[in-house]
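Student: I'd like to ask some things about the structure below.
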Amino acid sequence: MRKGCSKLDAGFTIALCGLYFVEFSDEIMPIREIKSMEPVRWNDQKVEWILQNRIPWEETWKKSSSIEELARGIETLEIRGAPVIGIAAAYGIALSASNYNGNDIDEMARHIENDRGRLAKTRPTAVNLFWALDRMSKKTAELVKNSGSVDAIKKGLLAEAVAIQKENTEDSIRMGRNGKDLIQDGDVILTHCNTGPLACGGIGTSTGVILSAWEEGKDFKVIATYTAPLYQGARLTVWEFMKAGVPVTLITDNMAAYAMKNAGITKIFLGADRILMDGQVANKIGTYQLAVLANHHKIPFYVAAPMSTVDSKSSSIPIEMRKPDEVRTVLGKLQITVPDVPVLNPAFDITPPDLVSAIVTEKGIARHPYKKSLSDML
């Protein structure tokens with residue numbers, strides 16, 4: 001058990017290619033405050049979200065009543081992380097209903113379905129998006145059949161979106177509680193991309209497990225990859241852990257093997273954007289190579305995700321391809337290669353189940369064989 005948290009330095013500075021130079025305070029955010037973070041929320045008949053693509057340089061919120069702006073926010077990664085994308089989509093359906101100004105229920109349903117189609121086109125891999133849209137569509141059909149008024153549909157859909165967000169927050173706490181005993185004093189935990197409050201709401205998925213163990217008083221360290229090409233580990237994960245006072249060290253993605261051999265890594269914790277019933281895990285590009293390296297170094301490789309990330313219908317996972325300039329430049333600001341060089345830029349890769357030690361969910365910990373353990377949970 002750790003005796004206490006050492007205070008961070010009076011401040012720290014991040015400089016990126018001369019493009020940004022920002023001072024950060026050492027203010028530590030208690031875990032109880034992190035648990036109540038809402039990166040997407042409903043505010044005055046609009047959807048409001050923190051611009052994740054501007055963290056850590058600034059903490060800026062955007063509020064909009066436009067479905068197109070919301071959809072673009074998801075596509076441009078202002079809103080990102082599978083669970084939060086699902087929450088945003090749910091609020092998007094509530095927003096669509098709120099934006100309807102007529103009195104014809106059937107016309108309203110068509111209006112909502114049209115906006116649903118736009119939201120469904122934003123990100124193909126994260127299954128939480130489609131899970132939330134399907135749930136909101138079922139609620140829409142139920143309300144159209146039974147409510148009898150436009151206003152009742154609007155109120156019912158907003159209530160459903162709020163319920164999705166509340167359940168997500170509660171599930172993240174359960175997930176953390178279920179997985180925290182996998183972490184012991186003295187562990188050095190490697191994580192990849194971002195799976196904390198910003199991406200997942202509540203305390204996050206794999207980050208939530210880590211934060212739950214930290215809150216319990218366990219003494220360990222975290223190593224975060226910077227996660228190319230958009231540096232979500234460097235920008236977001238480091239920001240979250242430093243806010244919580246958790247010791248974190250940043251490495252580049254291609255230092256992972258070195259760190260596993262020389263930095264004492266004992267556990268790997270990551271999230272997921274889609275999990276198939278056989279245990280295949282789609283997560284941020286680079287996850288598969290970490291799983292291969294972990295297997296070689298005999299390091300447990302854990303995934304944490306809510307059951308809404310488990311896809312019980314599909315046998316394959318579509319992989320989103322991102323724009324080439326995300327690789328050709330540093331965050332779109334500084335060109336680092338020949339302007340027209342061809343680029344392969346998959347946003348995700350798939351880790352086979354034999355490389356996954358266990359999957360932590362809000363319903364418990366799934367282990368091999370995943371077809372049985374995940375089926376039992378569902």
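Labeling convention for the structure tokens: chains A, B, ... as they appear, residues from 1 per chain, ligands from 1 in order of appearance.
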Env of stretch 241-257 of chain A: 6 Å cut, atoms = only C-alpha atoms, seq-sep filter 3 positions within chain, self excluded. Answer as a ChimeraX atom specification.

Tutor: /A:28-29,221-227,238,260

Student: Atoms to include: N, CA and C atoms. Write the selected residues as a PDB file, in the first residue's frame.

Tutor:
ATOM      1  N   ILE A  28      -4.450  18.605  -8.617  1.00  0.00           N
ATOM      2  CA  ILE A  28      -4.882  17.212  -8.704  1.00  0.00           C
ATOM      3  C   ILE A  28      -6.378  17.137  -8.502  1.00  0.00           C
ATOM      4  N   MET A  29      -7.051  16.418  -9.384  1.00  0.00           N
ATOM      5  CA  MET A  29      -8.500  16.259  -9.319  1.00  0.00           C
ATOM      6  C   MET A  29      -8.831  14.980  -8.548  1.00  0.00           C
ATOM      7  N   LYS A 221       2.828   2.128 -10.918  1.00  0.00           N
ATOM      8  CA  LYS A 221       3.155   3.166 -11.890  1.00  0.00           C
ATOM      9  C   LYS A 221       2.508   2.824 -13.229  1.00  0.00           C
ATOM     10  N   VAL A 222       2.292   3.852 -14.029  1.00  0.00           N
ATOM     11  CA  VAL A 222       1.707   3.677 -15.359  1.00  0.00           C
ATOM     12  C   VAL A 222       2.694   4.163 -16.410  1.00  0.00           C
ATOM     13  N   ILE A 223       2.800   3.418 -17.485  1.00  0.00           N
ATOM     14  CA  ILE A 223       3.534   3.861 -18.683  1.00  0.00           C
ATOM     15  C   ILE A 223       2.517   3.978 -19.805  1.00  0.00           C
ATOM     16  N   ALA A 224       2.463   5.141 -20.433  1.00  0.00           N
ATOM     17  CA  ALA A 224       1.499   5.393 -21.508  1.00  0.00           C
ATOM     18  C   ALA A 224       2.232   5.588 -22.829  1.00  0.00           C
ATOM     19  N   THR A 225       1.774   4.890 -23.866  1.00  0.00           N
ATOM     20  CA  THR A 225       2.309   5.163 -25.203  1.00  0.00           C
ATOM     21  C   THR A 225       1.720   6.464 -25.717  1.00  0.00           C
ATOM     22  N   TYR A 226       2.478   7.152 -26.561  1.00  0.00           N
ATOM     23  CA  TYR A 226       1.899   8.400 -27.074  1.00  0.00           C
ATOM     24  C   TYR A 226       0.858   8.181 -28.141  1.00  0.00           C
ATOM     25  N   THR A 227       0.831   6.992 -28.758  1.00  0.00           N
ATOM     26  CA  THR A 227      -0.253   6.549 -29.629  1.00  0.00           C
ATOM     27  C   THR A 227      -0.388   7.381 -30.900  1.00  0.00           C
ATOM     28  N   VAL A 238      -2.209  10.975 -20.508  1.00  0.00           N
ATOM     29  CA  VAL A 238      -1.283  11.621 -19.580  1.00  0.00           C
ATOM     30  C   VAL A 238      -1.998  12.725 -18.799  1.00  0.00           C
ATOM     31  N   MET A 260       9.019  -3.210 -22.149  1.00  0.00           N
ATOM     32  CA  MET A 260       8.630  -4.505 -21.593  1.00  0.00           C
ATOM     33  C   MET A 260       9.848  -5.268 -21.083  1.00  0.00           C
TER      34      MET A 260
END

Student: At most 8 Å is the cut-off: for each residue in stretch 31-138 of chain A with any atom that close to an atom of stretch 273-294 of chain A, write down the nearest atom pair and the distance in Å rounded to one decimal, counting only C-alpha atoms, chain first then increasing number, as JSON lines.

Tutor:
{"residue": "A:Gly81", "atom": "CA", "partner": "A:Asp273", "partner_atom": "CA", "distance": 7.7}
{"residue": "A:Ala82", "atom": "CA", "partner": "A:Asp273", "partner_atom": "CA", "distance": 5.4}
{"residue": "A:Thr125", "atom": "CA", "partner": "A:Asp273", "partner_atom": "CA", "distance": 6.7}
{"residue": "A:Ala126", "atom": "CA", "partner": "A:Asp273", "partner_atom": "CA", "distance": 4.5}
{"residue": "A:Val127", "atom": "CA", "partner": "A:Arg274", "partner_atom": "CA", "distance": 5.5}
{"residue": "A:Asn128", "atom": "CA", "partner": "A:Asp273", "partner_atom": "CA", "distance": 7.5}

Student: Can you list, as an MDAnalysis selection string, all residues belonging to stretch 156-305 of chain A that DSSP tags as strand (DSSP E or B)?

Tutor: chainID A and resid 188:191 221:225 248:251 267:270 274:276 281:284 301:304

Student: Measuring atom to atom with only C-alpha atoms, identify which of A:Thr76, A:Ser375, A:Thr122, A:Asn99 is nearest to A:Val47.

Tutor: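 Of the candidates, the smallest distance to A:Val47 is held by A:Asn99.
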
Student: What is the distance, in Å and to one decimal place, between atom CA of A:Leu158 and atom CA of A:Met37?

Tutor: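 Value for the atom CA of A:Leu158-atom CA of A:Met37 distance: 19.2 Å.
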
Student: Pick the closest to A:Ala88 from A:Asn295, A:Thr309, A:Ser64, A:Asn101: which is it, counting only C-alpha atoms?

Tutor: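 Checking each of A:Asn295, A:Thr309, A:Ser64, A:Asn101 against A:Ala88, counting only C-alpha atoms, the winner is A:Ser64.
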
Student: A:Phe348, A:Trp42, A:Phe269, A:Trp57: which is nearest A:Leu182, counting only C-alpha atoms?

Tutor: A:Phe269

Student: Rank nothing, just name the residue among A:Thr169, A:Thr195, A:Thr266, A:Asn146 nearest to A:Ile183, using only C-alpha atoms.

Tutor: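 That would be A:Thr266, the residue with the smallest distance to A:Ile183.
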
Student: A:Asp134, A:Glu48, A:Glu216, A:Glu59: which is nearest A:Asp181, counting only C-alpha atoms?

Tutor: A:Glu216
